[in-house]
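Structure below is work-v2.tsv: TSV, C-alpha atoms.
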chain	number	residue	atom	x	y	z
A	1	MET	CA	0.00	0.00	0.00
A	2	PRO	CA	1.41	3.36	-1.00
A	3	SER	CA	1.98	5.50	2.06
A	4	THR	CA	2.02	9.23	2.54
A	5	ALA	CA	3.83	10.96	5.40
A	6	PHE	CA	3.47	14.60	6.38
A	7	PRO	CA	6.69	16.51	7.00
A	8	ARG	CA	7.89	16.60	10.57
A	9	ASN	CA	7.69	19.86	12.44
A	10	SER	CA	11.46	19.78	12.93
A	11	GLU	CA	12.16	19.97	9.21
A	12	SER	CA	13.75	23.17	8.07
A	13	THR	CA	11.42	25.41	6.11
A	14	ALA	CA	14.30	26.96	4.22
A	15	SER	CA	14.01	24.44	1.40
A	16	GLN	CA	10.23	24.14	1.52
A	17	LYS	CA	7.44	26.21	0.14
A	18	VAL	CA	5.79	27.90	3.13
A	19	GLU	CA	1.99	28.16	3.22
A	20	ILE	CA	0.86	31.62	4.21
A	21	THR	CA	-2.24	31.38	6.38
A	22	THR	CA	-2.68	34.98	7.42
A	23	ALA	CA	-5.33	37.25	5.99
A	24	ALA	CA	-6.99	40.57	6.67
A	25	PRO	CA	-9.72	40.38	9.33
A	26	GLY	CA	-12.47	41.16	6.82
A	27	ASP	CA	-11.21	38.53	4.38
A	28	THR	CA	-11.03	35.98	7.17
A	29	ALA	CA	-14.62	36.63	8.20
A	30	LEU	CA	-15.84	36.26	4.61
A	31	SER	CA	-13.86	33.05	4.13
A	32	GLU	CA	-15.16	31.59	7.38
A	33	GLY	CA	-18.74	32.30	6.40
A	34	HIS	CA	-18.26	30.77	2.96
A	35	ARG	CA	-16.60	27.68	4.43
A	36	SER	CA	-19.43	27.26	6.91
A	37	ARG	CA	-21.98	27.37	4.10
A	38	LEU	CA	-20.06	24.80	2.07
A	39	LEU	CA	-19.75	22.51	5.06
A	40	ASP	CA	-23.44	22.92	5.86
A	41	ARG	CA	-24.44	21.99	2.30
A	42	PHE	CA	-22.19	18.94	2.41
A	43	SER	CA	-23.51	17.94	5.84
A	44	LYS	CA	-27.11	18.05	4.66
A	45	ASN	CA	-26.86	16.69	1.11
A	46	GLY	CA	-23.39	15.18	0.58
A	47	LEU	CA	-21.05	15.78	-2.35
A	48	PRO	CA	-23.83	16.09	-4.97
A	49	ALA	CA	-24.69	19.43	-3.36
A	50	LEU	CA	-21.27	20.83	-4.28
A	51	HIS	CA	-19.65	21.78	-7.57
A	52	ASP	CA	-16.33	20.13	-8.35
A	53	HIS	CA	-14.31	23.21	-7.43
A	54	GLU	CA	-16.24	23.47	-4.16
A	55	ILE	CA	-15.29	19.89	-3.23
A	56	LEU	CA	-11.62	20.76	-3.69
A	57	GLU	CA	-12.13	24.06	-1.94
A	58	LEU	CA	-13.61	22.33	1.11
A	59	ILE	CA	-10.81	19.77	1.21
A	60	LEU	CA	-8.19	22.49	1.11
A	61	THR	CA	-9.75	24.31	4.07
A	62	TYR	CA	-8.58	21.49	6.33
A	63	ALA	CA	-4.96	22.20	5.41
A	64	ILE	CA	-5.27	25.96	4.86
A	65	PRO	CA	-7.66	27.18	7.55
A	66	ARG	CA	-7.31	30.97	7.25
A	67	ARG	CA	-7.30	31.74	3.55
A	68	ASP	CA	-9.76	31.76	0.68
A	69	THR	CA	-9.14	28.43	-1.05
A	70	LYS	CA	-11.50	29.00	-3.99
A	71	PRO	CA	-8.82	30.38	-6.37
A	72	MET	CA	-6.57	27.41	-5.62
A	73	ALA	CA	-9.43	24.95	-6.18
A	74	LYS	CA	-10.32	26.52	-9.52
A	75	GLU	CA	-6.69	26.51	-10.63
A	76	LEU	CA	-6.42	22.81	-9.73
A	77	LEU	CA	-9.44	21.96	-11.86
A	78	LYS	CA	-8.19	24.13	-14.71
A	79	ARG	CA	-4.86	22.31	-14.72
A	80	TYR	CA	-5.97	18.72	-14.02
A	81	LYS	CA	-9.50	18.79	-15.53
A	82	SER	CA	-11.14	16.58	-12.86
A	83	ILE	CA	-11.06	15.69	-9.17
A	84	ASN	CA	-9.54	12.35	-10.11
A	85	GLY	CA	-6.79	14.21	-11.96
A	86	VAL	CA	-6.07	16.30	-8.88
A	87	MET	CA	-6.04	13.28	-6.57
A	88	ASN	CA	-3.43	11.59	-8.75
A	89	ALA	CA	-1.29	14.62	-9.57
A	90	PRO	CA	2.35	14.54	-8.42
A	91	VAL	CA	2.87	16.36	-5.14
A	92	ALA	CA	5.69	18.43	-6.63
A	93	GLU	CA	3.31	19.75	-9.31
A	94	LEU	CA	0.62	20.55	-6.77
A	95	GLU	CA	3.15	22.55	-4.76
A	96	SER	CA	3.86	24.72	-7.80
A	97	ILE	CA	0.35	26.20	-7.62
A	98	LYS	CA	0.19	29.54	-5.84
A	99	GLY	CA	-0.94	29.16	-2.24
A	100	ILE	CA	-0.44	25.40	-2.05
A	101	GLY	CA	2.45	24.13	0.04
A	102	ARG	CA	3.59	20.66	1.00
A	103	ARG	CA	0.99	20.09	3.70
A	104	SER	CA	-1.97	21.02	1.51
A	105	ALA	CA	-0.52	19.18	-1.50
A	106	LEU	CA	-0.20	15.99	0.52
A	107	ILE	CA	-3.85	16.00	1.56
A	108	PHE	CA	-4.86	14.75	-1.89
A	109	PRO	CA	-2.70	11.58	-2.02
A	110	LEU	CA	-3.64	11.03	1.63
A	111	LEU	CA	-7.34	10.95	0.70
A	112	ARG	CA	-6.66	8.83	-2.39
A	113	ASP	CA	-4.65	6.27	-0.46
A	114	THR	CA	-7.24	6.19	2.31
A	115	MET	CA	-9.95	5.34	-0.23
A	116	ALA	CA	-7.71	2.63	-1.66
A	117	TYR	CA	-7.15	1.24	1.81
A	118	CYS	CA	-10.92	1.11	2.42
A	119	LEU	CA	-11.35	-0.89	-0.78
A	120	LYS	CA	-8.56	-3.23	0.26
A	121	GLU	CA	-10.34	-3.84	3.57
A	122	LYS	CA	-13.55	-4.49	1.68
A	123	TYR	CA	-12.03	-7.05	-0.64
A	124	GLU	CA	-10.12	-8.80	2.12
A	125	LYS	CA	-13.50	-9.76	3.54
A	126	GLN	CA	-15.32	-10.86	0.41
A	127	PRO	CA	-14.52	-12.70	-2.84
A	128	LEU	CA	-12.74	-10.51	-5.34
A	129	VAL	CA	-12.56	-12.30	-8.64
A	130	SER	CA	-16.21	-13.25	-8.98
A	131	HIS	CA	-16.71	-9.92	-10.76
A	132	ARG	CA	-14.18	-8.21	-12.99
A	133	HIS	CA	-15.71	-4.89	-12.04
A	134	ASP	CA	-14.44	-5.43	-8.50
A	135	VAL	CA	-10.90	-5.86	-9.77
A	136	GLU	CA	-11.21	-2.75	-11.90
A	137	GLU	CA	-12.58	-0.66	-9.03
A	138	TYR	CA	-9.93	-1.89	-6.65
A	139	LEU	CA	-7.00	-1.25	-8.99
A	140	ARG	CA	-8.26	2.16	-10.12
A	141	PHE	CA	-8.26	3.33	-6.53
A	142	TYR	CA	-5.13	1.46	-5.54
A	143	PHE	CA	-2.90	2.82	-8.28
A	144	GLY	CA	-4.92	5.80	-9.45
A	145	GLY	CA	-4.74	7.59	-12.78
A	146	ARG	CA	-1.03	7.24	-13.31
A	147	ARG	CA	0.34	8.98	-16.35
A	148	ASP	CA	2.99	6.36	-17.02
A	149	GLU	CA	2.43	2.69	-17.56
A	150	TYR	CA	2.46	0.39	-14.55
A	151	VAL	CA	2.13	-3.34	-13.98
A	152	ALA	CA	0.48	-4.66	-10.83
A	153	ALA	CA	0.02	-8.14	-9.42
A	154	VAL	CA	-2.83	-9.03	-7.08
A	155	TYR	CA	-2.13	-12.12	-4.98
A	156	LEU	CA	-5.13	-14.10	-3.74
A	157	ASP	CA	-5.72	-16.88	-1.24
A	158	ASN	CA	-7.90	-19.95	-1.77
A	159	GLY	CA	-11.00	-17.93	-0.99
A	160	ASN	CA	-10.13	-15.27	-3.58
A	161	HIS	CA	-9.36	-12.69	-0.90
A	162	ILE	CA	-6.50	-10.26	-1.40
A	163	LEU	CA	-3.31	-11.24	0.36
A	164	GLN	CA	-1.11	-8.61	-1.19
A	165	THR	CA	-0.99	-6.15	-4.07
A	166	ASP	CA	2.35	-5.18	-5.57
A	167	LEU	CA	3.45	-2.64	-8.10
A	168	ILE	CA	5.71	-4.86	-10.19
A	169	SER	CA	7.03	-2.36	-12.67
A	170	GLU	CA	6.74	1.26	-13.75
A	171	GLY	CA	7.89	2.86	-16.95
A	172	THR	CA	7.37	5.56	-19.48
A	173	VAL	CA	4.21	5.47	-21.56
A	174	ASN	CA	4.07	2.25	-23.63
A	175	GLN	CA	7.25	0.90	-22.07
A	176	CYS	CA	7.16	-1.19	-18.94
A	177	VAL	CA	9.40	-4.15	-18.10
A	178	ILE	CA	7.86	-7.26	-16.52
A	179	TYR	CA	9.83	-10.14	-15.05
A	180	PRO	CA	7.76	-13.31	-14.41
A	181	ARG	CA	10.35	-14.45	-11.87
A	182	THR	CA	9.68	-11.41	-9.67
A	183	ILE	CA	5.93	-12.04	-9.76
A	184	VAL	CA	6.28	-15.73	-8.93
A	185	GLU	CA	8.79	-15.15	-6.13
A	186	ARG	CA	6.41	-12.72	-4.43
A	187	ALA	CA	3.54	-15.15	-4.87
A	188	LEU	CA	5.51	-17.90	-3.12
A	189	LYS	CA	6.63	-15.53	-0.38
A	190	CYS	CA	3.07	-14.50	0.56
A	191	GLY	CA	1.61	-18.00	0.08
A	192	ALA	CA	-0.69	-17.01	-2.79
A	193	ALA	CA	-3.06	-19.53	-4.31
A	194	SER	CA	-3.59	-17.53	-7.52
A	195	ILE	CA	-2.57	-14.31	-9.27
A	196	ILE	CA	-4.21	-11.56	-11.28
A	197	LEU	CA	-1.94	-9.43	-13.45
A	198	ALA	CA	-2.99	-5.94	-14.47
A	199	HIS	CA	-1.51	-3.00	-16.27
A	200	ASN	CA	-2.73	0.30	-17.62
A	201	HIS	CA	-2.72	1.86	-21.06
A	202	PRO	CA	-2.38	5.60	-20.35
A	203	GLY	CA	-3.04	6.45	-23.98
A	204	GLY	CA	-6.48	4.85	-23.82
A	205	ALA	CA	-5.93	1.98	-26.28
A	206	LEU	CA	-7.56	-1.26	-25.15
A	207	ARG	CA	-6.31	-3.72	-27.74
A	208	PRO	CA	-3.66	-6.03	-26.20
A	209	SER	CA	-0.27	-5.70	-27.82
A	210	GLU	CA	1.86	-8.64	-28.88
A	211	ALA	CA	4.10	-7.93	-25.88
A	212	ASP	CA	1.03	-8.17	-23.62
A	213	TRP	CA	0.26	-11.63	-24.98
A	214	VAL	CA	3.86	-12.83	-24.78
A	215	ILE	CA	4.22	-11.96	-21.10
A	216	THR	CA	0.78	-13.44	-20.37
A	217	GLU	CA	1.68	-16.73	-22.03
A	218	ARG	CA	5.06	-16.94	-20.28
A	219	LEU	CA	3.63	-16.15	-16.87
A	220	TYR	CA	0.69	-18.51	-17.38
A	221	THR	CA	3.07	-21.38	-18.17
A	222	VAL	CA	5.30	-20.74	-15.14
A	223	CYS	CA	2.33	-20.34	-12.81
A	224	LYS	CA	0.73	-23.52	-14.07
A	225	LEU	CA	3.88	-25.51	-13.31
A	226	LEU	CA	3.91	-24.15	-9.76
A	227	GLU	CA	0.15	-24.71	-9.35
A	228	ILE	CA	-0.45	-21.02	-8.70
A	229	PRO	CA	-2.79	-20.22	-11.60
A	230	LEU	CA	-2.82	-16.91	-13.41
A	231	LEU	CA	-6.54	-16.07	-13.27
A	232	ASP	CA	-6.52	-13.08	-15.58
A	233	HIS	CA	-4.51	-10.29	-17.15
A	234	ILE	CA	-6.45	-7.06	-17.16
A	235	ILE	CA	-5.79	-3.91	-19.19
A	236	ILE	CA	-7.13	-0.70	-17.65
A	237	SER	CA	-7.61	2.51	-19.59
A	238	LYS	CA	-9.19	5.76	-18.45
A	239	GLN	CA	-12.71	4.63	-19.27
A	240	LYS	CA	-12.79	0.90	-19.97
A	241	VAL	CA	-11.24	-2.42	-19.06
A	242	VAL	CA	-10.31	-5.49	-21.10
A	243	SER	CA	-9.88	-9.00	-19.70
A	244	LEU	CA	-7.41	-11.05	-21.72
A	245	ARG	CA	-8.97	-14.19	-20.24
A	246	GLU	CA	-12.15	-13.44	-22.17
A	247	LEU	CA	-10.29	-13.31	-25.50
A	248	PRO	CA	-9.75	-16.37	-27.75
A	249	ARG	CA	-5.95	-16.28	-27.44
A	250	TRP	CA	-5.98	-16.87	-23.68
A	251	PRO	CA	-3.66	-19.84	-22.97
A	252	LYS	CA	-5.22	-23.23	-22.31

Represent the structure contained in this file as structure tokens.
Amino acid sequence: MPSTAFPRNSESTASQKVEITTAAPGDTALSEGHRSRLLDRFSKNGLPALHDHEILELILTYAIPRRDTKPMAKELLKRYKSINGVMNAPVAELESIKGIGRRSALIFPLLRDTMAYCLKEKYEKQPLVSHRHDVEEYLRFYFGGRRDEYVAAVYLDNGNHILQTDLISEGTVNQCVIYPRTIVERALKCGAASIILAHNHPGGALRPSEADWVITERLYTVCKLLEIPLLDHIIISKQKVVSLRELPRWPK
């Protein structure tokens, strides 16, 4: 599970971007009133009562308590187009936005990883692979909307509960190295009964490449010999998912 740590208070601020939290008394009063109204709308009707920029604005108030966070929220949406884009933006990029420092930038991966952790808890207590949608949902939250290609392995027990999820490889777009030995070694180490392989196509293409099929066939053969079956290889794009197991070329 990816982890996020806030900077310690003892760290020097000389090399960090400092968040300014002071404001004129009148501005503070206006901001407090606006925040209270946002919070009240959320409390009564949930997120559907808020616009996208207001959701980000409300989140930022917990890290920046004494400033108007609306301009920052709007700039985030302008740059990253969606809340999902903001949640998965690199912290260093978030810090480059005026008014956002390390503490407020880290609140977004903290929320993202917390949601992923909740899904992990959910799937540890119920079967995972009975529905491909569950795998898709889990991996989307677990690894987020990464810009570069990644390969992940989900290790399952005999009851199809998640034992462990590993990021096997990362690379530039359309270039990611996968070593079957690494996947199998981790499966043996955690006592997995089966494996699901998944990787993303950041460009949006869903058709499996020849390289996708080659690694699938190699891993399937090795896993079969060790009696740790490869249950599926899933390709995830921004909008859709493809299961190689459902295609005619899936190894027998």

**Asked** In Å, how far is it from atom CA of Glu32 of chain A to atom CA of Leu60 of chain A?
**Response**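 Here the two named atoms are 13.1 Å from each other.
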
**Request:** Using all atoms listed in the file, pick whichever of A:Val151, A:Leu230, A:Leu38, A:Ile215 has the shortest atom-to-atom distance to Pro180 of chain A.
**Result:**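 The answer is A:Ile215, which sits nearest to Pro180 of chain A.
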
**Message:** Just want the 6 Å neighbourhood of Ala153 of chain A, counted on only C-alpha atoms, with same-chain residues fewer than 6 positions away dropped. Output as a ChimeraX atom specification.
**Reply:** /A:165-166,196-197

**Message:** Considering only C-alpha atoms, can you say which of A:Met72, A:Ala105, A:Ile162, A:Ile97 comes closest to Leu119 of chain A?
**Reply:**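 The shortest atom-to-atom distance to Leu119 of chain A comes from A:Ile162.
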
**Asked** What is the distance, in Å and to one decimal place, between atom CA of Arg218 of chain A and atom CA of Pro251 of chain A?
**Response**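 Atom-to-atom, atom CA of Arg218 of chain A and atom CA of Pro251 of chain A are spaced 9.6 Å apart.
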
**Message:** Between A:Val154, A:Leu94, A:Val86, A:Leu106, which residue has the minimum interatomic distance to Tyr62 of chain A, considering only C-alpha atoms?
**Reply:**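 Of A:Val154, A:Leu94, A:Val86, A:Leu106, the one nearest Tyr62 of chain A is A:Leu106, counting only C-alpha atoms.
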
**Request:** State, in Å with one decimal place, the distance from atom CA of Glu57 of chain A to atom CA of Arg112 of chain A.
**Result:**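 One can read the atom CA of Glu57 of chain A to atom CA of Arg112 of chain A distance as 16.2 Å.
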
**Item:** Among listed residues A:Lys78, A:Lys122, A:Lys224, A:Lys44, nearest Glu137 of chain A (using all atoms listed in the file)
**Value:** A:Lys122

**Request:** Select, from A:Ile178, A:Ile235, A:Met87, A:Leu47, the residue with the minimum atom-to-atom distance to Val214 of chain A, counting all atoms listed in the file.
**Result:**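 Looking at the shortest contact to Val214 of chain A, the residue is A:Ile178.
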
**Distance criterion (all atoms listed in the file): nearest to Asp40 of chain A out of A:Leu58, A:Asp52, A:Pro202, A:Leu77** =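 Smallest separation from Asp40 of chain A among the options: A:Leu58.
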
Neighbours of Arg41 of chain A within 12 Å (all atoms listed in the file; same-chain residues fewer than 5 positions away dropped), as a short mmCIF file (atom, residue, chain, number, x, y, z; two decimals) with C-alpha atoms, in the coordinates of the input?
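Okay, this is what ended up in selection_31.cif:
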data_model
loop_
_atom_site.label_atom_id
_atom_site.label_comp_id
_atom_site.auth_asym_id
_atom_site.auth_seq_id
_atom_site.Cartn_x
_atom_site.Cartn_y
_atom_site.Cartn_z
CA HIS A 34 -18.26 30.77 2.96
CA ARG A 35 -16.60 27.68 4.43
CA SER A 36 -19.43 27.26 6.91
CA GLY A 46 -23.39 15.18 0.58
CA LEU A 47 -21.05 15.78 -2.35
CA PRO A 48 -23.83 16.09 -4.97
CA ALA A 49 -24.69 19.43 -3.36
CA LEU A 50 -21.27 20.83 -4.28
CA HIS A 51 -19.65 21.78 -7.57
CA GLU A 54 -16.24 23.47 -4.16
CA ILE A 55 -15.29 19.89 -3.23
CA LEU A 58 -13.61 22.33 1.11
#

**Message:** Which residues are close to Glu246 of chain A, i.e. within 10 Å by all atoms listed in the file, leaving aside same-chain residues fewer than 2 positions away? Reply as a list in words.
**Reply:** Asp232, His233, Ile234, Val242, Ser243, Leu244, Pro248, Arg249 and Trp250 of chain A

**Request:** List the neighbours of Glu227 of chain A out to 9 Å using only C-alpha atoms; skip same-chain residues closer than 3 positions along the sequence, and give me the result as an MDAnalysis selection string.
**Result:** chainID A and resid 193:194 222:224
